[in-house]
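K.L.:
Contents of upload.csv (CSV, C-alpha atoms and all ligand atoms) are below:
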```csv
chain,number,residue,atom,x,y,z
A,22,MET,CA,-5.3,8.8,-19.9
A,23,LYS,CA,-3.2,5.9,-18.5
A,24,ARG,CA,-4.8,3.9,-15.7
A,25,MET,CA,-3.3,3.2,-12.3
A,26,LEU,CA,-4.6,0.8,-9.6
A,27,SER,CA,-3.5,0.0,-6.0
A,28,GLY,CA,-4.9,-1.3,-2.8
A,29,ILE,CA,-4.2,-1.2,0.9
A,30,LYS,CA,-4.9,-4.0,3.3
A,31,PRO,CA,-5.8,-2.2,6.6
A,32,THR,CA,-5.3,-5.0,9.1
A,33,GLY,CA,-4.4,-2.3,11.6
A,34,GLN,CA,-4.2,1.5,11.7
A,35,LEU,CA,-2.5,3.1,8.7
A,36,HIS,CA,1.0,4.4,9.5
A,37,LEU,CA,3.6,6.8,8.1
A,38,GLY,CA,5.2,4.0,5.9
A,39,ASN,CA,1.8,3.4,4.2
A,40,TYR,CA,1.4,7.2,3.7
A,41,ILE,CA,4.9,7.8,2.3
A,42,GLY,CA,5.2,4.5,0.4
A,43,ALA,CA,1.7,4.3,-1.0
A,44,LEU,CA,-1.1,6.8,-0.2
A,45,LYS,CA,0.9,10.0,-0.9
A,46,ASN,CA,1.7,8.7,-4.3
A,47,PHE,CA,-1.9,7.8,-5.1
A,48,VAL,CA,-2.8,11.4,-4.3
A,49,ASN,CA,0.0,12.8,-6.5
A,50,TYR,CA,-0.9,10.6,-9.4
A,51,GLN,CA,-4.7,11.2,-9.4
A,52,ASP,CA,-4.5,14.2,-11.7
A,53,GLU,CA,-2.3,12.6,-14.3
A,54,TYR,CA,-3.8,9.1,-14.3
A,55,GLU,CA,-7.2,7.4,-14.1
A,56,MET,CA,-6.7,6.3,-10.5
A,57,PHE,CA,-8.4,3.2,-8.9
A,58,ALA,CA,-7.8,2.9,-5.2
A,59,PHE,CA,-9.4,0.1,-3.2
A,60,ILE,CA,-9.6,-1.3,0.3
A,61,ALA,CA,-8.5,-4.9,0.3
A,62,ASN,CA,-10.9,-6.3,2.9
A,63,LEU,CA,-10.6,-9.9,1.5
A,64,HIS,CA,-6.9,-9.8,1.9
A,65,CYS,CA,-7.4,-8.6,5.5
A,66,ILE,CA,-9.0,-11.8,6.6
A,67,THR,CA,-6.1,-14.0,5.4
A,68,THR,CA,-4.9,-13.6,9.0
A,69,ALA,CA,-7.2,-13.7,12.0
A,70,GLN,CA,-9.0,-10.4,12.7
A,71,ASP,CA,-11.2,-9.2,15.5
A,72,PRO,CA,-14.4,-8.2,13.7
A,73,ASN,CA,-15.0,-5.0,15.6
A,74,GLU,CA,-11.5,-3.8,15.1
A,75,LEU,CA,-11.4,-4.8,11.5
A,76,GLN,CA,-14.6,-2.8,10.8
A,77,LYS,CA,-13.1,0.3,12.5
A,78,ASN,CA,-9.9,0.0,10.5
A,79,LEU,CA,-11.7,-0.4,7.2
A,80,LYS,CA,-13.8,2.7,7.9
A,81,ASP,CA,-10.8,4.7,9.0
A,82,CYS,CA,-8.9,3.6,5.9
A,83,VAL,CA,-11.6,5.1,3.6
A,84,ALA,CA,-11.6,8.3,5.7
A,85,LEU,CA,-7.8,8.4,5.6
A,86,TYR,CA,-7.8,8.0,1.8
A,87,LEU,CA,-9.9,11.1,1.6
A,88,ALA,CA,-8.1,13.0,4.4
A,89,CYS,CA,-4.8,12.4,2.7
A,90,GLY,CA,-6.2,14.0,-0.4
A,91,LEU,CA,-7.7,11.4,-2.7
A,92,ASP,CA,-10.6,13.1,-4.4
A,93,PRO,CA,-13.6,10.9,-5.1
A,94,ASN,CA,-14.4,13.1,-8.1
A,95,LYS,CA,-11.0,12.1,-9.7
A,96,ALA,CA,-10.2,8.7,-8.3
A,97,THR,CA,-12.4,5.6,-8.1
A,98,ILE,CA,-12.4,4.5,-4.5
A,99,PHE,CA,-14.0,1.2,-3.5
A,100,LEU,CA,-14.2,-1.8,-1.2
A,101,GLN,CA,-12.9,-5.1,-2.6
A,102,THR,CA,-16.0,-7.1,-1.5
A,103,ASP,CA,-18.3,-4.8,-3.3
A,104,ILE,CA,-16.8,-6.1,-6.6
A,105,LYS,CA,-17.7,-9.8,-6.6
A,106,ALA,CA,-16.1,-10.4,-9.9
A,107,GLN,CA,-12.7,-9.7,-8.4
A,108,ALA,CA,-12.9,-12.8,-6.1
A,109,GLN,CA,-14.3,-14.9,-9.0
A,110,LEU,CA,-11.4,-14.0,-11.2
A,111,GLY,CA,-9.2,-14.6,-8.2
A,112,TYR,CA,-10.3,-18.2,-8.2
A,113,ILE,CA,-9.7,-18.6,-12.0
A,114,ILE,CA,-6.3,-17.1,-11.7
A,115,CYS,CA,-5.5,-19.3,-8.7
A,116,CYS,CA,-6.2,-22.3,-10.9
A,117,HIS,CA,-3.4,-21.1,-13.3
A,118,THR,CA,-0.9,-20.3,-10.6
A,119,TYR,CA,1.7,-22.9,-9.8
A,120,MET,CA,2.4,-23.9,-6.2
A,121,GLY,CA,6.1,-23.4,-6.9
A,122,GLU,CA,5.3,-19.7,-7.6
A,123,LEU,CA,3.3,-19.3,-4.5
A,124,ASN,CA,6.1,-21.1,-2.5
A,125,ARG,CA,8.5,-18.4,-3.7
A,126,MET,CA,6.6,-15.4,-2.4
A,127,THR,CA,8.6,-13.9,0.4
A,128,GLN,CA,5.6,-12.7,2.4
A,129,PHE,CA,4.4,-16.2,2.9
A,130,LYS,CA,7.9,-17.7,3.2
A,131,ASP,CA,8.8,-15.2,6.0
A,132,LYS,CA,5.7,-16.3,8.0
A,133,MET,CA,6.6,-20.0,7.4
A,134,ALA,CA,10.2,-19.3,8.5
A,135,LYS,CA,8.9,-17.8,11.7
A,136,ASN,CA,7.1,-21.1,12.4
A,137,GLU,CA,3.8,-19.2,12.7
A,138,THR,CA,1.1,-21.8,13.3
A,139,ASN,CA,-2.3,-22.1,11.6
A,140,LEU,CA,-1.3,-20.2,8.5
A,141,SER,CA,-4.4,-20.1,6.2
A,142,GLY,CA,-4.9,-21.4,2.7
A,143,GLY,CA,-6.1,-17.8,1.9
A,144,LEU,CA,-2.7,-16.4,2.9
A,145,TYR,CA,-1.0,-18.9,0.6
A,146,THR,CA,-3.1,-18.1,-2.4
A,147,TYR,CA,-3.3,-14.4,-1.7
A,148,PRO,CA,-1.0,-13.4,-4.6
A,149,ALA,CA,-3.4,-15.0,-7.1
A,150,LEU,CA,-6.3,-12.9,-5.7
A,151,MET,CA,-4.0,-9.8,-5.8
A,152,ALA,CA,-3.3,-10.6,-9.5
A,153,ALA,CA,-7.0,-10.6,-10.1
A,154,ASP,CA,-7.5,-7.3,-8.2
A,155,ILE,CA,-5.1,-5.8,-10.7
A,156,LEU,CA,-5.7,-7.5,-14.0
A,157,ILE,CA,-9.5,-7.2,-13.9
A,158,TYR,CA,-9.1,-3.4,-14.4
A,159,ASP,CA,-6.3,-3.4,-17.1
A,160,PRO,CA,-4.2,-0.8,-15.3
A,161,ASP,CA,-0.9,0.4,-16.9
A,162,TYR,CA,0.8,0.9,-13.5
A,163,VAL,CA,0.5,-0.4,-10.0
A,164,PRO,CA,2.1,2.0,-7.4
A,165,VAL,CA,3.2,0.0,-4.4
A,166,GLY,CA,5.9,-0.1,-1.7
A,167,ASP,CA,9.0,-2.2,-2.2
A,168,ASP,CA,7.6,-5.2,-0.4
A,169,GLN,CA,4.8,-5.7,-3.0
A,170,LYS,CA,7.1,-5.7,-6.0
A,171,GLN,CA,7.3,-9.4,-6.1
A,172,HIS,CA,3.5,-9.8,-6.2
A,173,VAL,CA,3.2,-7.4,-9.1
A,174,GLU,CA,5.9,-9.3,-10.9
A,175,LEU,CA,4.0,-12.5,-10.5
A,176,THR,CA,0.9,-10.7,-11.7
A,177,ARG,CA,2.8,-9.8,-14.9
A,178,ASP,CA,3.8,-13.5,-15.4
A,179,LEU,CA,0.2,-14.6,-14.9
A,180,ALA,CA,-1.1,-12.0,-17.4
A,181,GLU,CA,1.3,-13.3,-20.0
A,182,ARG,CA,0.4,-16.9,-19.3
A,183,PHE,CA,-3.3,-16.1,-19.9
A,184,ASN,CA,-2.6,-14.1,-23.0
A,185,ASN,CA,-0.4,-16.8,-24.5
A,186,LYS,CA,-2.9,-19.5,-23.8
A,187,TYR,CA,-6.2,-17.8,-24.4
A,188,GLY,CA,-5.5,-14.8,-26.6
A,189,GLU,CA,-5.1,-11.1,-25.5
A,190,LEU,CA,-7.1,-10.9,-22.2
A,191,PHE,CA,-5.1,-8.7,-19.9
A,192,LYS,CA,-2.8,-5.7,-20.1
A,193,VAL,CA,0.6,-6.5,-18.5
A,194,PRO,CA,1.0,-3.9,-15.8
A,195,GLU,CA,4.1,-2.3,-14.5
A,196,PRO,CA,4.9,-1.9,-10.8
A,197,LEU,CA,5.7,1.7,-9.9
A,198,ILE,CA,8.0,2.0,-6.9
A,199,SER,CA,8.9,5.5,-5.8
A,200,LYS,CA,12.5,6.4,-5.5
A,201,VAL,CA,12.0,8.1,-2.1
A,202,GLY,CA,10.2,6.3,0.7
A,203,ALA,CA,9.5,2.9,-0.9
A,204,ARG,CA,10.7,1.4,2.3
A,205,ILE,CA,10.4,3.4,5.5
A,206,MET,CA,12.1,1.6,8.4
A,207,SER,CA,11.0,1.1,12.0
A,208,LEU,CA,12.1,4.0,14.2
A,209,SER,CA,13.1,1.6,16.9
A,210,ASP,CA,14.9,-0.9,14.7
A,211,PRO,CA,16.0,0.5,11.3
A,212,SER,CA,16.8,-2.9,10.0
A,213,LYS,CA,13.1,-3.8,9.8
A,214,LYS,CA,10.4,-2.0,7.8
A,215,MET,CA,7.9,0.2,9.6
A,216,SER,CA,4.9,-2.1,10.0
A,217,LYS,CA,1.6,-2.2,11.8
A,218,SER,CA,2.4,-5.8,12.7
A,219,ASP,CA,5.6,-4.6,14.5
A,220,ASP,CA,5.7,-5.9,18.1
A,221,ASN,CA,7.2,-2.6,19.2
A,222,ASP,CA,4.7,0.2,18.9
A,223,LYS,CA,7.5,2.8,19.3
A,224,GLY,CA,8.9,2.1,15.9
A,225,CYS,CA,5.7,2.9,14.0
A,226,VAL,CA,4.0,6.4,13.7
A,227,TYR,CA,0.3,5.9,13.1
A,228,LEU,CA,-1.5,8.6,11.0
A,229,LEU,CA,-4.0,9.0,13.9
A,230,ASP,CA,-1.4,9.1,16.7
A,231,ASP,CA,-1.7,11.9,19.1
A,232,LEU,CA,0.8,14.5,18.0
A,233,ASN,CA,2.8,14.3,21.3
A,234,VAL,CA,3.0,10.6,21.0
A,235,ALA,CA,4.2,10.9,17.4
A,236,LYS,CA,6.8,13.5,18.4
A,237,LYS,CA,8.1,11.3,21.2
A,238,LYS,CA,8.5,8.4,18.8
A,239,VAL,CA,10.6,10.4,16.3
A,240,MET,CA,12.6,12.0,19.1
A,241,SER,CA,13.5,8.6,20.5
A,242,ALA,CA,14.3,7.0,17.1
A,243,VAL,CA,17.4,4.8,17.2
A,244,THR,CA,20.4,6.4,15.5
A,245,ASP,CA,24.1,5.9,15.8
A,246,SER,CA,27.2,7.5,17.5
A,247,LEU,CA,28.7,9.0,14.3
A,248,ALA,CA,27.1,12.4,15.0
A,249,ASN,CA,26.8,13.2,11.3
A,250,VAL,CA,23.5,13.8,9.4
A,251,LYS,CA,24.5,11.8,6.3
A,252,TYR,CA,22.5,9.4,4.0
A,253,ASP,CA,24.4,6.2,4.4
A,254,PRO,CA,21.9,3.3,4.8
A,255,ILE,CA,24.6,0.7,5.5
A,256,ASN,CA,26.5,2.5,8.2
A,257,GLN,CA,23.8,4.9,9.4
A,258,PRO,CA,20.5,3.2,8.8
A,259,GLY,CA,18.5,5.1,11.5
A,260,ILE,CA,19.6,8.6,10.3
A,261,SER,CA,19.2,7.6,6.7
A,262,ASN,CA,15.6,6.6,7.5
A,263,LEU,CA,14.9,9.9,9.1
A,264,ILE,CA,16.5,11.7,6.1
A,265,GLN,CA,14.1,9.7,3.9
A,266,ILE,CA,11.1,10.7,5.9
A,267,TYR,CA,12.2,14.4,6.0
A,268,SER,CA,12.8,14.4,2.2
A,269,SER,CA,9.5,12.7,1.4
A,270,LEU,CA,7.5,15.2,3.6
A,271,SER,CA,9.4,18.1,2.0
A,272,ASN,CA,8.5,17.6,-1.6
A,273,ASN,CA,11.3,15.1,-2.1
A,274,MET,CA,14.0,17.6,-1.1
A,275,PRO,CA,17.3,16.1,-2.3
A,276,TYR,CA,19.3,14.2,0.4
A,277,ALA,CA,22.4,16.3,-0.2
A,278,GLU,CA,20.4,19.5,0.5
A,279,ILE,CA,19.2,18.0,3.8
A,280,GLU,CA,22.8,17.0,4.7
A,281,LYS,CA,23.9,20.5,4.1
A,282,MET,CA,21.1,22.1,6.1
A,283,PHE,CA,22.1,20.0,9.2
A,284,GLU,CA,25.9,20.1,8.7
A,285,GLY,CA,27.5,20.6,12.1
A,286,LYS,CA,24.2,20.3,13.9
A,287,GLY,CA,23.4,17.5,16.5
A,288,TYR,CA,21.0,14.7,16.0
A,289,GLY,CA,18.7,16.4,18.6
A,290,ASP,CA,18.2,19.3,16.2
A,291,PHE,CA,17.7,17.1,13.2
A,292,LYS,CA,15.2,14.8,15.0
A,293,LYS,CA,13.3,17.9,16.1
A,294,ALA,CA,13.0,19.1,12.5
A,295,VAL,CA,11.8,15.7,11.4
A,296,SER,CA,9.3,15.5,14.2
A,297,GLU,CA,8.0,18.9,13.2
A,298,LYS,CA,7.5,17.8,9.6
A,299,VAL,CA,5.8,14.6,10.8
A,300,CYS,CA,3.5,16.5,13.2
A,301,GLU,CA,2.6,19.1,10.5
A,302,THR,CA,1.6,16.2,8.1
A,303,LEU,CA,-0.4,14.3,10.8
A,304,SER,CA,-2.1,17.4,12.1
A,305,ASP,CA,-3.4,18.3,8.6
A,306,ILE,CA,-4.5,14.7,7.9
A,307,GLN,CA,-6.2,14.4,11.3
A,308,GLU,CA,-8.1,17.7,10.9
A,309,LYS,CA,-9.6,16.5,7.7
A,310,TYR,CA,-10.2,13.0,9.0
A,311,ASN,CA,-12.3,14.4,11.9
A,312,ASN,CA,-14.5,16.2,9.5
A,313,ILE,CA,-15.0,13.2,7.3
A,314,ILE,CA,-15.3,10.2,9.6
A,315,ASN,CA,-18.9,10.9,10.7
A,316,SER,CA,-20.1,12.4,7.5
A,317,ASP,CA,-22.1,10.7,4.8
A,318,ILE,CA,-19.3,11.2,2.2
A,319,LEU,CA,-17.9,7.8,3.1
A,320,GLU,CA,-21.0,6.0,2.0
A,321,LYS,CA,-21.4,8.0,-1.2
A,322,THR,CA,-17.7,7.6,-2.1
A,323,LEU,CA,-17.9,3.8,-1.8
A,324,ASN,CA,-21.3,3.5,-3.6
A,325,ASP,CA,-20.1,5.6,-6.5
A,326,GLY,CA,-16.8,3.7,-6.6
A,327,ALA,CA,-18.5,0.3,-6.6
A,328,THR,CA,-20.8,1.3,-9.4
A,329,LYS,CA,-17.9,2.4,-11.6
A,330,ALA,CA,-15.6,-0.5,-10.7
A,331,ASN,CA,-18.3,-3.2,-11.2
A,332,LEU,CA,-19.0,-2.1,-14.8
A,333,ILE,CA,-15.4,-2.7,-15.7
A,334,ALA,CA,-14.9,-5.8,-13.6
A,335,GLU,CA,-18.0,-7.7,-14.8
A,336,GLU,CA,-17.2,-7.1,-18.4
A,337,LYS,CA,-13.7,-8.4,-18.0
A,338,LEU,CA,-14.8,-11.5,-16.0
A,339,LYS,CA,-17.3,-12.4,-18.7
A,340,LYS,CA,-14.6,-12.0,-21.4
A,341,VAL,CA,-12.2,-14.3,-19.4
A,342,GLN,CA,-14.8,-16.9,-18.7
A,343,LYS,CA,-15.8,-16.9,-22.4
A,344,ALA,CA,-12.2,-17.3,-23.5
A,345,LEU,CA,-11.8,-20.3,-21.1
A,346,GLY,CA,-15.0,-22.0,-22.4
A,347,MET,CA,-16.8,-21.6,-19.1
A,348,GLU,CA,-19.8,-19.7,-20.5
A,349,ILE,CA,-22.8,-21.5,-22.0
A,350,LEU,CA,-25.0,-18.7,-23.2
B,401,LIG,P1,2.3,-3.8,7.2
B,401,LIG,O1,3.6,-4.4,7.0
B,401,LIG,O2,2.4,-2.5,7.9
B,401,LIG,O3,1.3,-4.7,7.7
B,401,LIG,P2,1.6,-4.2,4.4
B,401,LIG,O4,2.6,-3.9,3.5
B,401,LIG,O5,1.5,-5.6,4.8
B,401,LIG,O6,1.8,-3.3,5.7
B,401,LIG,P3,-0.6,-2.6,3.5
B,401,LIG,O7,-1.2,-1.9,4.6
B,401,LIG,O8,-1.6,-3.1,2.5
B,401,LIG,O9,0.1,-3.9,3.9
B,401,LIG,O10,0.4,-1.7,2.7
B,401,LIG,C1,-0.2,-0.7,1.9
B,401,LIG,C2,0.9,-0.1,1.0
B,401,LIG,O11,1.9,0.5,1.9
B,401,LIG,C3,1.7,-1.1,0.2
B,401,LIG,O12,1.9,-0.6,-1.1
B,401,LIG,C4,3.0,-1.3,0.9
B,401,LIG,O13,4.0,-1.6,0.0
B,401,LIG,C5,3.2,0.1,1.5
B,401,LIG,N1,4.0,0.1,2.7
B,401,LIG,C6,3.8,-0.6,3.9
B,401,LIG,N2,4.7,-0.5,4.8
B,401,LIG,C7,5.6,0.4,4.2
B,401,LIG,C8,6.8,1.0,4.6
B,401,LIG,N3,7.4,0.7,5.8
B,401,LIG,N4,7.5,1.8,3.8
B,401,LIG,C9,7.0,2.1,2.6
B,401,LIG,N5,5.8,1.6,2.1
B,401,LIG,C10,5.2,0.7,2.9
B,402,LIG,N1,-1.0,-7.0,-1.2
B,402,LIG,C1,-1.0,-5.6,-0.9
B,402,LIG,C2,-2.4,-5.1,-0.9
B,402,LIG,C3,-3.1,-5.3,-2.2
B,402,LIG,C4,-2.8,-4.7,-3.4
B,402,LIG,C5,-3.6,-5.3,-4.4
B,402,LIG,C6,-1.9,-3.7,-3.8
B,402,LIG,C7,-4.0,-6.2,-2.5
B,402,LIG,N2,-4.4,-6.2,-3.8
B,402,LIG,C8,-3.6,-4.9,-5.7
B,402,LIG,C9,-1.8,-3.3,-5.2
B,402,LIG,C10,-2.7,-3.9,-6.1
B,402,LIG,C11,-0.4,-5.4,0.5
B,402,LIG,O1,-0.3,-6.3,1.3
B,402,LIG,N3,0.0,-4.3,0.8
```
Would you kindly transcribe this structure into structure tokens?
P.N.:
Amino acid sequence: MKRMLSGIKPTGQLHLGNYIGALKNFVNYQDEYEMFAFIANLHCITTAQDPNELQKNLKDCVALYLACGLDPNKATIFLQTDIKAQAQLGYIICCHTYMGELNRMTQFKDKMAKNETNLSGGLYTYPALMAADILIYDPDYVPVGDDQKQHVELTRDLAERFNNKYGELFKVPEPLISKVGARIMSLSDPSKKMSKSDDNDKGCVYLLDDLNVAKKKVMSAVTDSLANVKYDPINQPGISNLIQIYSSLSNNMPYAEIEKMFEGKGYGDFKKAVSEKVCETLSDIQEKYNNIINSDILEKTLNDGATKANLIAEEKLKKVQKALGMEIL
């Protein structure tokens, strides 16, 4: 069975973009692949966090993994800090990552360009830790949203660098970007991706949003004046985004079929249909979340996941340290 690994950095509440671009795919893949899904709590603290809020978001994230359908009997679900070898390999990989490479990473560059002050060293070296998160488990594929592709490509370069210098140490993984929904855009500004760090809350539907609030957000999504439900991201970015959401929540229904269904209908009708799909999805997730959040399944899931992940990670770290001449015994 081929192996797959991915992580989410819950610095806020998970949203529809995270679900469509990442989580939903983890769930679809868990039968076909050996799935590793972790919660990247080290990556979370690369930007300042309120401790109480962070803890709630981390717990919600595990509960939402399960509520969205990840099955702990199939997938290995764990918390990044429970696997100490990951951070240690992160340091080793960081020592093999050029500053030029880190300077090119758009996530960091964007923050620099916005003149954000007090950017941390952790944020700058984050891609090296992300490479370790991945390479320590030798996955074949890394399913991520579009914005993470560059980090996975750097991971591939780093794997090859180690393999060339020290002998075969790592599998060179491939990013897996889904065709539909790899970049869900903000409902209030379809030129920006839907993001929990969005200043405007109206553009982002959270998985735990009250259903009326979610409905309102979809109904007031920014569209255009062309009055034509057509997938045309250049000229009709708002409508195209809604088509993407509708398709993704309807078993990837082809865009042409959606266009046909809404031919001659107004945007109001289309938005209503999208909001119904969104609310159906949220309602199902929230019902499961409410059953899970205060049960002991969270603890068991994380303990079992850590046990399994640690076995693999420690063995790989030892192998790498040995190859680098760092071990004595
Ligand atoms: P945000 O921008 O909301 O802070 P993020 O991308 O920085 O999110 P994560 O929460 O770790 O950080 O994202 C988890 C996964 O969700 C990643 O694979 C990411 O690519 C994907 N993702 C995030 N936003 C979107 C989006 N708008 N559309 C599709 N996928 C997304
Ligand atoms: N960088 C990712 C989260 C992340 C990740 C990973 C994803 C950390 N380590 C390893 C896939 C594989 C993000 O910001 N979304």
K.L.:
Can you work out which one of A:Ile255, A:Met206, A:Val48, A:Met56 has the shortest atom-to-atom distance to ligand LIG 401 (chain B), counting all atoms listed in the file?
P.N.:
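The closest residue to ligand LIG 401 (chain B) is A:Met206.
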K.L.:
So how many Å separate atom CA of Gln128 of chain A and atom C3 of ligand LIG 401 (chain B), to one decimal?
P.N.:
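Going from atom CA of Gln128 of chain A over to atom C3 of ligand LIG 401 (chain B) covers 12.4 Å.
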K.L.:
Residues up to 6 Å from ligand LIG 402 (chain B), counting all atoms listed in the file: could you list those as JSON, numbers by chain?
P.N.:
{"A": [27, 28, 29, 30, 61, 151, 154, 155]}
K.L.:
Which residues are close to His64 of chain A, i.e. within 8 Å by only C-alpha atoms, leaving aside same-chain residues fewer than 2 positions away? Reply as a list in words.
P.N.:
Lys30, Ala61, Asn62, Ile66, Thr67, Leu144 and Tyr147 of chain A
K.L.:
Compare A:Leu140, A:Cys65, A:Val239, A:Ile318 by their minimum atom-to-atom distance to ligand LIG 401 (chain B), counting only C-alpha atoms and all ligand atoms, and give me the closest one.
P.N.:
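Answer, going by the shortest atom-to-atom distance: A:Cys65.
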K.L.:
Once you count all atoms listed in the file, which residues end up within 8 Å of ligand LIG 401 (chain B), and could you hand them over as a ChimeraX atom specification?
P.N.:
/A:27-33,35-44,61,164-170,202-207,214-219
K.L.:
Excluding Asp245 of chain A and its own-chain neighbours fewer than 6 positions away, which residues fall within 9 Å of it when counting all atoms listed in the file? Please give them as a count of residues only.
P.N.:
5
K.L.:
Taking (9.3, 12.7, 4.0) as a centre in this file's frame and 12 Å as the limit, can you find every polymer residue with an atom that close, using all atoms listed in the file, and give them as an MDAnalysis selection string?
P.N.:
chainID A and resid 37:42 45:46 200:205 261:276 279 294:303
K.L.:
Leaving out segment 109-115 of chain A and any residue of its chain fewer than 5 positions from it, which residues lie within 7 Å of it when counting all atoms listed in the file, given as JSON, numbers by chain?
P.N.:
{"A": [146, 149, 150, 153, 338]}
K.L.:
Using only C-alpha atoms, can you tell me which of A:Ala58, A:Ala330, A:Ala242, A:Met120 comes closest to Ile157 of chain A?
P.N.:
A:Ala330
K.L.:
Counting all atoms listed in the file, which residues come within 12 Å of (-2.4, -15.8, -16.3), with the point read in the file's coordinates, and could you list them as an MDAnalysis selection string?
P.N.:
chainID A and resid 110:119 149:150 152:153 155:157 174:193 341 345
K.L.:
For Asp222 of chain A, which of A:Ser316, A:Thr322, A:Ser209, A:Gln70 is the closest residue, counting all atoms listed in the file?
P.N.:
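Closest to Asp222 of chain A of all the choices is A:Ser209.
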K.L.:
From the list A:Ala277, A:Leu228, A:Val163, A:Leu319, which residue is nearest Asp92 of chain A when using all atoms listed in the file?
P.N.:
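Between A:Ala277, A:Leu228, A:Val163, A:Leu319, the residue approaching Asp92 of chain A most closely is A:Leu319.
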K.L.:
Could you check which of A:Tyr227, A:Lys80, A:Glu284, A:Gly121 is closest to Asn315 of chain A, using all atoms listed in the file?
P.N.:
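Once distances to Asn315 of chain A are computed over all atoms listed in the file, the minimum belongs to A:Lys80.
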